[in-house]
file target31.cif (mmCIF, C-alpha atoms and all ligand atoms)
data_protein
loop_
_atom_site.group_PDB
_atom_site.id
_atom_site.type_symbol
_atom_site.label_atom_id
_atom_site.label_comp_id
_atom_site.auth_asym_id
_atom_site.auth_seq_id
_atom_site.Cartn_x
_atom_site.Cartn_y
_atom_site.Cartn_z
ATOM 1 C CA MET A 1 -96.531 64.979 7.961
ATOM 2 C CA THR A 2 -96.479 67.905 5.582
ATOM 3 C CA GLN A 3 -95.712 67.109 1.987
ATOM 4 C CA LEU A 4 -92.509 68.737 0.792
ATOM 5 C CA ALA A 5 -92.879 70.898 -2.301
ATOM 6 C CA PRO A 6 -90.804 69.508 -5.183
ATOM 7 C CA THR A 7 -88.660 72.636 -5.105
ATOM 8 C CA GLN A 8 -87.557 71.745 -1.564
ATOM 9 C CA LEU A 9 -86.550 68.205 -2.552
ATOM 10 C CA ALA A 10 -84.368 69.482 -5.393
ATOM 11 C CA PRO A 11 -83.710 73.191 -4.966
ATOM 12 C CA VAL A 12 -84.232 75.771 -7.681
ATOM 13 C CA LEU A 13 -82.108 78.911 -7.617
ATOM 14 C CA THR A 14 -83.580 81.611 -9.846
ATOM 15 C CA ILE A 15 -81.349 84.387 -11.165
ATOM 16 C CA ASP A 16 -83.241 87.176 -12.913
ATOM 17 C CA GLY A 17 -82.290 90.634 -14.068
ATOM 18 C CA PRO A 18 -81.560 92.750 -17.128
ATOM 19 C CA GLY A 19 -79.095 91.742 -19.841
ATOM 20 C CA GLY A 20 -75.439 92.300 -18.981
ATOM 21 C CA ALA A 21 -75.840 92.044 -15.205
ATOM 22 C CA GLY A 22 -73.703 88.888 -15.268
ATOM 23 C CA LYS A 23 -76.495 86.303 -14.962
ATOM 24 C CA GLY A 24 -75.160 83.939 -17.631
ATOM 25 C CA THR A 25 -71.623 83.550 -16.305
ATOM 26 C CA ILE A 26 -72.696 83.516 -12.669
ATOM 27 C CA SER A 27 -75.471 80.952 -13.245
ATOM 28 C CA ARG A 28 -73.096 78.689 -15.143
ATOM 29 C CA MET A 29 -70.435 78.863 -12.412
ATOM 30 C CA ILE A 30 -72.889 78.112 -9.611
ATOM 31 C CA ALA A 31 -74.469 75.222 -11.558
ATOM 32 C CA GLU A 32 -70.990 73.775 -12.098
ATOM 33 C CA HIS A 33 -69.967 74.164 -8.431
ATOM 34 C CA MET A 34 -73.201 72.593 -7.190
ATOM 35 C CA GLY A 35 -73.442 69.905 -9.901
ATOM 36 C CA TRP A 36 -76.939 71.236 -10.733
ATOM 37 C CA HIS A 37 -78.723 71.579 -14.073
ATOM 38 C CA LEU A 38 -78.758 74.935 -15.836
ATOM 39 C CA LEU A 39 -81.632 76.608 -17.658
ATOM 40 C CA ASP A 40 -80.575 79.471 -19.933
ATOM 41 C CA SER A 41 -84.111 80.647 -20.688
ATOM 42 C CA GLY A 42 -82.875 83.572 -22.811
ATOM 43 C CA ALA A 43 -81.393 81.012 -25.211
ATOM 44 C CA LEU A 44 -84.895 79.619 -25.827
ATOM 45 C CA TYR A 45 -86.190 83.088 -26.783
ATOM 46 C CA ARG A 46 -83.103 83.657 -28.922
ATOM 47 C CA LEU A 47 -83.605 80.267 -30.632
ATOM 48 C CA THR A 48 -87.256 81.083 -31.334
ATOM 49 C CA ALA A 49 -86.196 84.415 -32.841
ATOM 50 C CA LEU A 50 -83.406 82.900 -34.932
ATOM 51 C CA SER A 51 -85.671 80.120 -36.156
ATOM 52 C CA ALA A 52 -88.278 82.730 -37.154
ATOM 53 C CA LEU A 53 -85.666 84.820 -38.989
ATOM 54 C CA ARG A 54 -84.466 81.728 -40.858
ATOM 55 C CA HIS A 55 -87.985 80.652 -41.815
ATOM 56 C CA GLY A 56 -89.041 84.147 -42.876
ATOM 57 C CA ILE A 57 -91.569 84.588 -40.044
ATOM 58 C CA ALA A 58 -92.244 88.180 -38.935
ATOM 59 C CA VAL A 59 -91.268 88.964 -35.320
ATOM 60 C CA ASP A 60 -94.844 90.103 -34.615
ATOM 61 C CA ASP A 61 -96.670 87.079 -36.050
ATOM 62 C CA ALA A 62 -97.739 85.681 -32.668
ATOM 63 C CA GLN A 63 -99.513 82.621 -34.018
ATOM 64 C CA ALA A 64 -96.685 81.418 -36.279
ATOM 65 C CA LEU A 65 -94.049 82.258 -33.656
ATOM 66 C CA SER A 66 -95.782 80.310 -30.916
ATOM 67 C CA GLU A 67 -95.924 77.291 -33.234
ATOM 68 C CA GLN A 68 -92.187 77.727 -33.872
ATOM 69 C CA ALA A 69 -91.546 77.946 -30.121
ATOM 70 C CA GLN A 70 -93.671 74.861 -29.461
ATOM 71 C CA ASN A 71 -91.893 72.768 -32.088
ATOM 72 C CA LEU A 72 -88.316 74.048 -31.742
ATOM 73 C CA ASP A 73 -85.929 71.296 -32.807
ATOM 74 C CA VAL A 74 -83.166 72.055 -30.304
ATOM 75 C CA VAL A 75 -80.392 70.017 -28.748
ATOM 76 C CA PHE A 76 -78.316 71.326 -25.824
ATOM 77 C CA ALA A 77 -75.144 69.228 -25.905
ATOM 78 C CA VAL A 78 -72.074 69.409 -23.681
ATOM 79 C CA GLU A 79 -68.887 68.923 -25.695
ATOM 80 C CA ASN A 80 -65.471 69.012 -24.008
ATOM 81 C CA GLY A 81 -67.036 70.844 -21.072
ATOM 82 C CA ALA A 82 -68.617 73.550 -23.277
ATOM 83 C CA MET A 83 -72.318 73.851 -24.113
ATOM 84 C CA ARG A 84 -73.185 73.584 -27.833
ATOM 85 C CA ILE A 85 -76.647 74.479 -29.057
ATOM 86 C CA LEU A 86 -78.013 72.847 -32.199
ATOM 87 C CA LEU A 87 -81.068 74.191 -34.026
ATOM 88 C CA GLU A 88 -82.415 71.782 -36.629
ATOM 89 C CA GLY A 89 -79.004 70.078 -36.470
ATOM 90 C CA ASP A 90 -77.097 73.296 -37.175
ATOM 91 C CA ASP A 91 -74.641 74.584 -34.525
ATOM 92 C CA VAL A 92 -75.999 78.032 -33.564
ATOM 93 C CA THR A 93 -74.075 78.481 -30.295
ATOM 94 C CA THR A 94 -72.454 81.689 -31.544
ATOM 95 C CA ALA A 95 -75.179 82.834 -33.960
ATOM 96 C CA ILE A 96 -77.824 83.212 -31.223
ATOM 97 C CA ARG A 97 -75.575 85.627 -29.258
ATOM 98 C CA SER A 98 -75.544 88.359 -31.919
ATOM 99 C CA GLU A 99 -77.136 91.738 -31.180
ATOM 100 C CA GLY A 100 -79.625 91.249 -34.020
ATOM 101 C CA VAL A 101 -80.909 87.966 -32.612
ATOM 102 C CA GLY A 102 -80.981 89.463 -29.088
ATOM 103 C CA ASN A 103 -83.142 92.356 -30.232
ATOM 104 C CA ALA A 104 -85.469 90.047 -32.176
ATOM 105 C CA ALA A 105 -85.659 87.775 -29.093
ATOM 106 C CA SER A 106 -86.818 90.661 -26.945
ATOM 107 C CA GLN A 107 -89.611 91.463 -29.456
ATOM 108 C CA VAL A 108 -90.670 87.835 -29.724
ATOM 109 C CA ALA A 109 -90.586 87.518 -25.911
ATOM 110 C CA ALA A 110 -93.212 90.255 -25.541
ATOM 111 C CA LEU A 111 -95.853 88.023 -27.189
ATOM 112 C CA PRO A 112 -97.927 86.046 -24.628
ATOM 113 C CA PRO A 113 -98.502 82.988 -26.916
ATOM 114 C CA VAL A 114 -94.723 82.614 -27.323
ATOM 115 C CA ARG A 115 -94.162 82.801 -23.553
ATOM 116 C CA ASN A 116 -96.885 80.201 -22.983
ATOM 117 C CA ALA A 117 -95.394 77.909 -25.602
ATOM 118 C CA LEU A 118 -92.015 78.010 -23.836
ATOM 119 C CA LEU A 119 -93.321 77.644 -20.258
ATOM 120 C CA GLN A 120 -93.420 73.830 -20.028
ATOM 121 C CA ARG A 121 -90.167 73.472 -21.955
ATOM 122 C CA GLN A 122 -88.501 75.612 -19.263
ATOM 123 C CA ARG A 123 -90.092 73.698 -16.367
ATOM 124 C CA ASP A 124 -88.827 70.434 -17.882
ATOM 125 C CA PHE A 125 -85.292 71.537 -16.940
ATOM 126 C CA TYR A 126 -86.234 71.109 -13.279
ATOM 127 C CA GLN A 127 -84.629 67.829 -12.228
ATOM 128 C CA ALA A 128 -82.684 66.482 -9.252
ATOM 129 C CA PRO A 129 -80.232 67.280 -7.794
ATOM 130 C CA GLY A 130 -81.108 70.953 -8.442
ATOM 131 C CA LEU A 131 -81.489 73.706 -11.010
ATOM 132 C CA VAL A 132 -80.091 77.158 -11.619
ATOM 133 C CA ALA A 133 -82.615 79.050 -13.758
ATOM 134 C CA ASP A 134 -81.361 82.191 -15.508
ATOM 135 C CA GLY A 135 -83.759 84.691 -17.079
ATOM 136 C CA ARG A 136 -86.185 87.554 -16.588
ATOM 137 C CA ASP A 137 -89.224 85.846 -15.039
ATOM 138 C CA MET A 138 -87.747 82.743 -13.411
ATOM 139 C CA GLY A 139 -88.697 83.806 -9.871
ATOM 140 C CA THR A 140 -91.943 85.573 -10.770
ATOM 141 C CA VAL A 141 -93.563 83.177 -13.275
ATOM 142 C CA VAL A 142 -91.672 80.006 -14.172
ATOM 143 C CA PHE A 143 -90.529 78.881 -10.682
ATOM 144 C CA PRO A 144 -92.553 81.013 -8.220
ATOM 145 C CA ASP A 145 -91.881 78.531 -5.356
ATOM 146 C CA ALA A 146 -88.083 78.630 -5.695
ATOM 147 C CA PRO A 147 -86.477 78.721 -2.229
ATOM 148 C CA LEU A 148 -83.837 81.265 -3.294
ATOM 149 C CA LYS A 149 -84.437 84.033 -5.827
ATOM 150 C CA ILE A 150 -81.751 86.485 -6.861
ATOM 151 C CA TYR A 151 -82.299 89.692 -8.834
ATOM 152 C CA LEU A 152 -79.021 90.908 -10.358
ATOM 153 C CA THR A 153 -78.646 94.450 -11.605
ATOM 154 C CA ALA A 154 -75.858 96.764 -12.750
ATOM 155 C CA SER A 155 -75.912 100.277 -14.202
ATOM 156 C CA ALA A 156 -76.788 100.478 -17.923
ATOM 157 C CA GLU A 157 -73.348 102.027 -18.619
ATOM 158 C CA GLU A 158 -71.506 99.146 -16.933
ATOM 159 C CA ARG A 159 -73.665 96.584 -18.764
ATOM 160 C CA ALA A 160 -72.937 98.250 -22.126
ATOM 161 C CA ARG A 161 -69.217 98.147 -21.343
ATOM 162 C CA ARG A 162 -69.396 94.431 -20.474
ATOM 163 C CA ARG A 163 -71.422 93.726 -23.618
ATOM 164 C CA LEU A 164 -68.817 95.482 -25.774
ATOM 165 C CA LEU A 165 -66.080 93.261 -24.307
ATOM 166 C CA GLN A 166 -68.197 90.153 -24.938
ATOM 167 C CA LEU A 167 -68.827 91.127 -28.563
ATOM 168 C CA GLN A 168 -65.159 91.896 -29.126
ATOM 169 C CA GLN A 169 -64.304 88.413 -27.853
ATOM 170 C CA VAL A 170 -66.473 86.822 -30.574
ATOM 171 C CA GLY A 171 -65.002 89.152 -33.205
ATOM 172 C CA GLU A 172 -68.013 91.491 -33.528
ATOM 173 C CA ASP A 173 -67.486 95.217 -33.723
ATOM 174 C CA ALA A 174 -69.796 97.689 -31.975
ATOM 175 C CA ARG A 175 -69.954 101.225 -30.601
ATOM 176 C CA LEU A 176 -70.392 101.718 -26.880
ATOM 177 C CA SER A 177 -72.974 104.486 -27.409
ATOM 178 C CA THR A 178 -75.062 102.283 -29.735
ATOM 179 C CA LEU A 179 -74.929 99.387 -27.278
ATOM 180 C CA LEU A 180 -76.040 101.680 -24.449
ATOM 181 C CA GLU A 181 -79.040 102.834 -26.508
ATOM 182 C CA GLU A 182 -79.938 99.221 -27.335
ATOM 183 C CA ILE A 183 -79.613 98.119 -23.710
ATOM 184 C CA LYS A 184 -81.899 100.922 -22.567
ATOM 185 C CA ALA A 185 -84.441 100.101 -25.292
ATOM 186 C CA ARG A 186 -84.359 96.401 -24.425
ATOM 187 C CA ASP A 187 -84.704 97.131 -20.674
ATOM 188 C CA ALA A 188 -87.709 99.330 -21.393
ATOM 189 C CA ARG A 189 -89.333 96.665 -23.589
ATOM 190 C CA ASP A 190 -88.638 93.878 -21.054
ATOM 191 C CA MET A 191 -89.893 95.947 -18.098
ATOM 192 C CA GLN A 192 -92.969 97.412 -19.737
ATOM 193 C CA ARG A 193 -94.426 94.382 -21.487
ATOM 194 C CA ALA A 194 -97.842 93.255 -20.274
ATOM 195 C CA VAL A 195 -96.912 89.611 -19.662
ATOM 196 C CA ALA A 196 -94.106 88.513 -17.315
ATOM 197 C CA PRO A 197 -92.370 91.917 -17.234
ATOM 198 C CA LEU A 198 -88.822 92.087 -15.918
ATOM 199 C CA LYS A 199 -89.075 92.920 -12.209
ATOM 200 C CA PRO A 200 -87.779 91.436 -8.971
ATOM 201 C CA ALA A 201 -89.989 88.818 -7.303
ATOM 202 C CA GLU A 202 -91.320 90.113 -3.974
ATOM 203 C CA ASP A 203 -89.111 87.636 -2.110
ATOM 204 C CA ALA A 204 -86.008 88.138 -4.284
ATOM 205 C CA VAL A 205 -82.626 89.173 -2.902
ATOM 206 C CA GLU A 206 -81.374 92.105 -5.001
ATOM 207 C CA LEU A 207 -77.654 92.318 -5.799
ATOM 208 C CA ASP A 208 -76.155 95.284 -7.639
ATOM 209 C CA THR A 209 -73.064 93.993 -9.473
ATOM 210 C CA THR A 210 -71.821 97.337 -10.848
ATOM 211 C CA GLN A 211 -68.917 97.362 -8.389
ATOM 212 C CA LEU A 212 -68.582 93.608 -7.843
ATOM 213 C CA ASP A 213 -66.542 91.116 -9.824
ATOM 214 C CA ILE A 214 -67.881 87.697 -10.773
ATOM 215 C CA PRO A 215 -66.225 85.647 -7.982
ATOM 216 C CA GLU A 216 -67.611 88.080 -5.373
ATOM 217 C CA VAL A 217 -71.167 87.689 -6.697
ATOM 218 C CA VAL A 218 -70.839 83.890 -6.895
ATOM 219 C CA GLU A 219 -69.572 83.794 -3.321
ATOM 220 C CA ARG A 220 -72.455 85.916 -2.033
ATOM 221 C CA ILE A 221 -75.046 83.716 -3.721
ATOM 222 C CA GLU A 222 -73.400 80.491 -2.542
ATOM 223 C CA THR A 223 -73.359 81.876 1.012
ATOM 224 C CA LEU A 224 -77.099 82.517 0.735
ATOM 225 C CA LEU A 225 -77.653 78.947 -0.533
ATOM 226 C CA ALA A 226 -75.734 77.599 2.457
ATOM 227 C CA GLU A 227 -77.584 79.868 4.921
ATOM 228 C CA ARG A 228 -80.895 78.499 3.603
ATOM 229 C CA ASN A 229 -79.680 74.900 3.861
ATOM 230 C CA LEU A 230 -80.019 74.387 0.129
ATOM 231 C CA VAL A 231 -76.601 72.774 -0.303
HETATM 232 O O1 LIG B 1 -80.861 86.770 -21.459
HETATM 233 P P1 LIG B 1 -80.825 87.006 -22.934
HETATM 234 O O2 LIG B 1 -80.202 88.308 -23.339
HETATM 235 O O3 LIG B 1 -80.227 85.840 -23.669
HETATM 236 O O4 LIG B 1 -82.357 87.062 -23.399
HETATM 237 C C1 LIG B 1 -82.738 87.518 -24.664
HETATM 238 C C2 LIG B 1 -84.123 88.167 -24.579
HETATM 239 O O5 LIG B 1 -85.079 87.155 -24.254
HETATM 240 C C3 LIG B 1 -84.255 89.201 -23.460
HETATM 241 O O6 LIG B 1 -83.974 90.521 -23.897
HETATM 242 C C4 LIG B 1 -85.713 89.100 -23.057
HETATM 243 O O7 LIG B 1 -86.505 89.937 -23.841
HETATM 244 C C5 LIG B 1 -86.081 87.675 -23.394
HETATM 245 N N1 LIG B 1 -86.204 86.839 -22.213
HETATM 246 C C6 LIG B 1 -87.406 86.840 -21.544
HETATM 247 N N2 LIG B 1 -87.611 86.013 -20.483
HETATM 248 C C7 LIG B 1 -86.619 85.217 -20.061
HETATM 249 C C8 LIG B 1 -85.361 85.217 -20.692
HETATM 250 C C9 LIG B 1 -85.170 86.067 -21.776
HETATM 251 O O8 LIG B 1 -88.308 87.582 -21.914
HETATM 252 N N3 LIG B 1 -86.852 84.407 -19.030
#
call {"tool": "encode", "arguments": {"input": "target31.cif", "output": "structure tokens"}}
result
Amino acid sequence: MTQLAPTQLAPVLTIDGPGGAGKGTISRMIAEHMGWHLLDSGALYRLTALSALRHGIAVDDAQALSEQAQNLDVVFAVENGAMRILLEGDDVTTAIRSEGVGNAASQVAALPPVRNALLQRQRDFYQAPGLVADGRDMGTVVFPDAPLKIYLTASAEERARRRLLQLQQVGEDARLSTLLEEIKARDARDMQRAVAPLKPAEDAVELDTTQLDIPEVVERIETLLAERNLV
């Protein structure tokens, strides 16, 4: 009898793509529907960046940053149905979503020792009954055997528009043109880095969400899960 790979016993759905393609919301909704665990890998890079900023560590000090990443004192807690993230006991759920932390995260994420330090921490999220893993390299590096890999995209203009709405909801002000520049710069950095660059896995299903709303994307992915007998 052939041994089943662990990823077939408890499925992993990877959802990769650039920022603003809708990965976060879509991953959370599917994890909720399926009763699966959720890995928000971007949050780990954001937490490493925020921790570095708070401890006065430069965003290019690979050695010190990888130690920070290794020893991150983080708690992901669900409170009244909402996820709260605590860093060294301090609630940073909102703080890690700022543009400044996002940009620092993308610089920190380009350093191979930081990525290595976070690899096992990400794989530890893989538990029965299943996992939705949201990020940039979930299907290519962290869970290469995942039975369903999605690569979500949307035009840079649409992603900047969505980001502006998100920022306005948390009371931050921004200019659309500045956000578009930042999104393009972050895409370039994520796609061009030497280690784990942002790109679709060879066996990923690509979905362009520019013209799709969130329920339509969720439905398409859940149909694919059903077609592959993963639910
Ligand atoms: O997805 P999010 O915007 O929270 O990610 C913040 C940054 O972390 C990204 O711009 C990217 O540089 C980095 N990241 C990564 N690999 C992941 C998830 C995020 O390099 N799996």
call {"tool": "residues_near_ligand", "arguments": {"input": "target31.cif", "ligand": "ligand LIG 1 (chain B)", "cutoff": "7 Å", "atoms": "all atoms listed in the file", "output": "count of residues only"}}
result
20
call {"tool": "atom_distance", "arguments": {"input": "target31.cif", "atom1": "CA of Val108 (chain A)", "atom2": "CA of Val59 (chain A)"}}
result
5.7 Å
call {"tool": "residues_around", "arguments": {"input": "target31.cif", "residues": "region 198-212 of chain A", "least_positions_apart": "2", "cutoff": "7 Å", "atoms": "all atoms listed in the file", "output": "PDB file with C-alpha atoms, in the coordinates of the input"}}
result
ATOM      1  CA  GLY A  17     -82.290  90.634 -14.068  1.00  0.00           C
ATOM      2  CA  ALA A  21     -75.840  92.044 -15.205  1.00  0.00           C
ATOM      3  CA  ARG A 136     -86.185  87.554 -16.588  1.00  0.00           C
ATOM      4  CA  ASP A 137     -89.224  85.846 -15.039  1.00  0.00           C
ATOM      5  CA  GLY A 139     -88.697  83.806  -9.871  1.00  0.00           C
ATOM      6  CA  THR A 140     -91.943  85.573 -10.770  1.00  0.00           C
ATOM      7  CA  LYS A 149     -84.437  84.033  -5.827  1.00  0.00           C
ATOM      8  CA  ILE A 150     -81.751  86.485  -6.861  1.00  0.00           C
ATOM      9  CA  TYR A 151     -82.299  89.692  -8.834  1.00  0.00           C
ATOM     10  CA  LEU A 152     -79.021  90.908 -10.358  1.00  0.00           C
ATOM     11  CA  THR A 153     -78.646  94.450 -11.605  1.00  0.00           C
ATOM     12  CA  ALA A 154     -75.858  96.764 -12.750  1.00  0.00           C
ATOM     13  CA  SER A 155     -75.912 100.277 -14.202  1.00  0.00           C
ATOM     14  CA  GLU A 158     -71.506  99.146 -16.933  1.00  0.00           C
ATOM     15  CA  ASP A 190     -88.638  93.878 -21.054  1.00  0.00           C
ATOM     16  CA  MET A 191     -89.893  95.947 -18.098  1.00  0.00           C
ATOM     17  CA  ALA A 196     -94.106  88.513 -17.315  1.00  0.00           C
ATOM     18  CA  ILE A 214     -67.881  87.697 -10.773  1.00  0.00           C
ATOM     19  CA  GLU A 216     -67.611  88.080  -5.373  1.00  0.00           C
ATOM     20  CA  VAL A 217     -71.167  87.689  -6.697  1.00  0.00           C
TER      21      VAL A 217
END
call {"tool": "residues_near_point", "arguments": {"input": "target31.cif", "point": "(-74.1, 84.2, -1.2)", "cutoff": "12 Å", "atoms": "all atoms listed in the file", "output": "mmCIF file with C-alpha atoms, keeping the file's coordinate frame"}}
result
data_model
loop_
_atom_site.group_PDB
_atom_site.id
_atom_site.type_symbol
_atom_site.label_atom_id
_atom_site.label_comp_id
_atom_site.auth_asym_id
_atom_site.auth_seq_id
_atom_site.Cartn_x
_atom_site.Cartn_y
_atom_site.Cartn_z
ATOM 1 C CA LEU A 13 -82.108 78.911 -7.617
ATOM 2 C CA ILE A 26 -72.696 83.516 -12.669
ATOM 3 C CA ILE A 30 -72.889 78.112 -9.611
ATOM 4 C CA LEU A 148 -83.837 81.265 -3.294
ATOM 5 C CA LYS A 149 -84.437 84.033 -5.827
ATOM 6 C CA ILE A 150 -81.751 86.485 -6.861
ATOM 7 C CA VAL A 205 -82.626 89.173 -2.902
ATOM 8 C CA GLU A 206 -81.374 92.105 -5.001
ATOM 9 C CA LEU A 207 -77.654 92.318 -5.799
ATOM 10 C CA ILE A 214 -67.881 87.697 -10.773
ATOM 11 C CA PRO A 215 -66.225 85.647 -7.982
ATOM 12 C CA GLU A 216 -67.611 88.080 -5.373
ATOM 13 C CA VAL A 217 -71.167 87.689 -6.697
ATOM 14 C CA VAL A 218 -70.839 83.890 -6.895
ATOM 15 C CA GLU A 219 -69.572 83.794 -3.321
ATOM 16 C CA ARG A 220 -72.455 85.916 -2.033
ATOM 17 C CA ILE A 221 -75.046 83.716 -3.721
ATOM 18 C CA GLU A 222 -73.400 80.491 -2.542
ATOM 19 C CA THR A 223 -73.359 81.876 1.012
ATOM 20 C CA LEU A 224 -77.099 82.517 0.735
ATOM 21 C CA LEU A 225 -77.653 78.947 -0.533
ATOM 22 C CA ALA A 226 -75.734 77.599 2.457
ATOM 23 C CA GLU A 227 -77.584 79.868 4.921
ATOM 24 C CA ARG A 228 -80.895 78.499 3.603
ATOM 25 C CA ASN A 229 -79.680 74.900 3.861
ATOM 26 C CA LEU A 230 -80.019 74.387 0.129
ATOM 27 C CA VAL A 231 -76.601 72.774 -0.303
#
call {"tool": "resolve_selection", "arguments": {"input": "target31.cif", "expression": "the PyMOL selection byres (((chain A and resi 174) around 12) and not hetatm)", "output": "count of residues only"}}
result
25
call {"tool": "closest_residue", "arguments": {"input": "target31.cif", "among": "A:Leu38, A:Leu65, A:Val195, A:Ala58", "to": "Met83 (chain A)", "atoms": "only C-alpha atoms"}}
result
A:Leu38
call {"tool": "resolve_selection", "arguments": {"input": "target31.cif", "expression": "the PyMOL selection byres (((chain A and resi 112) around 12) and not hetatm)", "output": "list of chain:residue names"}}
result
A:Asp60, A:Asp61, A:Ala62, A:Gln63, A:Leu65, A:Ser66, A:Ala69, A:Gln107, A:Val108, A:Ala109, A:Ala110, A:Leu111, A:Pro113, A:Val114, A:Arg115, A:Asn116, A:Ala117, A:Leu118, A:Leu119, A:Arg193, A:Ala194, A:Val195, A:Ala196, A:Pro197
call {"tool": "atom_distance", "arguments": {"input": "target31.cif", "atom1": "CA of Lys184 (chain A)", "atom2": "CA of Ala156 (chain A)"}}
result
6.9 Å
call {"tool": "residues_around", "arguments": {"input": "target31.cif", "residues": "Thr48 (chain A)", "least_positions_apart": "4", "cutoff": "7 Å", "atoms": "all atoms listed in the file", "output": "PyMOL selection string"}}
result
chain A and resi 44+52+68-69
call {"tool": "resolve_selection", "arguments": {"input": "target31.cif", "expression": "the PyMOL selection byres (((chain A and resi 131) around 10) and not hetatm)", "output": "list in words"}}
result
Thr7, Ala10, Pro11, Val12, Leu13, Thr14, Ser27, Ile30, Ala31, Met34, Gly35, Trp36, His37, Leu38, Leu39, Phe125, Tyr126, Gln127, Ala128, Pro129, Gly130, Val132, Ala133, Asp134 and Ala146 of chain A
call {"tool": "closest_residue", "arguments": {"input": "target31.cif", "among": "A:Thr25, A:Gln192, A:Ser51, A:Gln122", "to": "Glu88 (chain A)", "atoms": "all atoms listed in the file"}}
result
A:Ser51
call {"tool": "closest_residue", "arguments": {"input": "target31.cif", "among": "A:Asp124, A:Pro18, A:Leu87, A:Thr94", "to": "Ala185 (chain A)", "atoms": "all atoms listed in the file"}}
result
A:Pro18
call {"tool": "atom_distance", "arguments": {"input": "target31.cif", "atom1": "CA of Phe76 (chain A)", "atom2": "CA of Leu9 (chain A)"}}
result
24.9 Å
call {"tool": "axis_aligned_box", "arguments": {"input": "target31.cif", "around": "region 193-207 of chain A", "padding_each_side": "3 Å", "output": "lines of an AutoDock Vina configuration file"}}
result
center_x = -87.7
center_y = 91.0
center_z = -11.8
size_x = 26.2
size_y = 12.7
size_z = 25.4
call {"tool": "closest_residue", "arguments": {"input": "target31.cif", "among": "A:Ile57, A:Ala188, A:Leu47, A:Ala64", "to": "Asp90 (chain A)", "atoms": "only C-alpha atoms"}}
result
A:Leu47
call {"tool": "build_atoms", "arguments": {"input": "target31.cif", "residues": "region 187-198 of chain A", "atoms": "N, CA, C and O atoms", "output": "PDB file, in the frame of the given file"}}
result
ATOM      1  N   ASP A 187     -84.227  97.073 -22.071  1.00  0.00           N
ATOM      2  CA  ASP A 187     -84.704  97.131 -20.674  1.00  0.00           C
ATOM      3  C   ASP A 187     -86.142  97.630 -20.652  1.00  0.00           C
ATOM      4  O   ASP A 187     -86.998  97.066 -19.973  1.00  0.00           O
ATOM      5  N   ALA A 188     -86.375  98.726 -21.409  1.00  0.00           N
ATOM      6  CA  ALA A 188     -87.709  99.330 -21.393  1.00  0.00           C
ATOM      7  C   ALA A 188     -88.733  98.322 -21.909  1.00  0.00           C
ATOM      8  O   ALA A 188     -89.801  98.149 -21.309  1.00  0.00           O
ATOM      9  N   ARG A 189     -88.384  97.633 -23.018  1.00  0.00           N
ATOM     10  CA  ARG A 189     -89.333  96.665 -23.589  1.00  0.00           C
ATOM     11  C   ARG A 189     -89.567  95.513 -22.604  1.00  0.00           C
ATOM     12  O   ARG A 189     -90.698  95.098 -22.384  1.00  0.00           O
ATOM     13  N   ASP A 190     -88.497  95.008 -21.980  1.00  0.00           N
ATOM     14  CA  ASP A 190     -88.638  93.878 -21.054  1.00  0.00           C
ATOM     15  C   ASP A 190     -89.420  94.269 -19.792  1.00  0.00           C
ATOM     16  O   ASP A 190     -90.146  93.459 -19.235  1.00  0.00           O
ATOM     17  N   MET A 191     -89.245  95.537 -19.352  1.00  0.00           N
ATOM     18  CA  MET A 191     -89.893  95.947 -18.098  1.00  0.00           C
ATOM     19  C   MET A 191     -91.336  96.377 -18.300  1.00  0.00           C
ATOM     20  O   MET A 191     -92.147  96.314 -17.384  1.00  0.00           O
ATOM     21  N   GLN A 192     -91.633  96.847 -19.524  1.00  0.00           N
ATOM     22  CA  GLN A 192     -92.969  97.412 -19.737  1.00  0.00           C
ATOM     23  C   GLN A 192     -93.958  96.452 -20.383  1.00  0.00           C
ATOM     24  O   GLN A 192     -95.126  96.772 -20.531  1.00  0.00           O
ATOM     25  N   ARG A 193     -93.485  95.269 -20.799  1.00  0.00           N
ATOM     26  CA  ARG A 193     -94.426  94.382 -21.487  1.00  0.00           C
ATOM     27  C   ARG A 193     -95.514  93.920 -20.509  1.00  0.00           C
ATOM     28  O   ARG A 193     -95.297  93.840 -19.293  1.00  0.00           O
ATOM     29  N   ALA A 194     -96.678  93.583 -21.102  1.00  0.00           N
ATOM     30  CA  ALA A 194     -97.842  93.255 -20.274  1.00  0.00           C
ATOM     31  C   ALA A 194     -97.656  91.918 -19.557  1.00  0.00           C
ATOM     32  O   ALA A 194     -98.086  91.750 -18.415  1.00  0.00           O
ATOM     33  N   VAL A 195     -97.028  90.948 -20.243  1.00  0.00           N
ATOM     34  CA  VAL A 195     -96.912  89.611 -19.662  1.00  0.00           C
ATOM     35  C   VAL A 195     -95.497  89.366 -19.163  1.00  0.00           C
ATOM     36  O   VAL A 195     -94.522  89.632 -19.861  1.00  0.00           O
ATOM     37  N   ALA A 196     -95.387  88.861 -17.922  1.00  0.00           N
ATOM     38  CA  ALA A 196     -94.106  88.513 -17.315  1.00  0.00           C
ATOM     39  C   ALA A 196     -93.056  89.612 -17.489  1.00  0.00           C
ATOM     40  O   ALA A 196     -91.956  89.363 -17.979  1.00  0.00           O
ATOM     41  N   PRO A 197     -93.372  90.852 -17.095  1.00  0.00           N
ATOM     42  CA  PRO A 197     -92.370  91.917 -17.234  1.00  0.00           C
ATOM     43  C   PRO A 197     -91.167  91.658 -16.327  1.00  0.00           C
ATOM     44  O   PRO A 197     -91.295  90.961 -15.317  1.00  0.00           O
ATOM     45  N   LEU A 198     -90.033  92.215 -16.731  1.00  0.00           N
ATOM     46  CA  LEU A 198     -88.822  92.087 -15.918  1.00  0.00           C
ATOM     47  C   LEU A 198     -88.991  92.910 -14.652  1.00  0.00           C
ATOM     48  O   LEU A 198     -89.129  94.134 -14.707  1.00  0.00           O
TER      49      LEU A 198
END
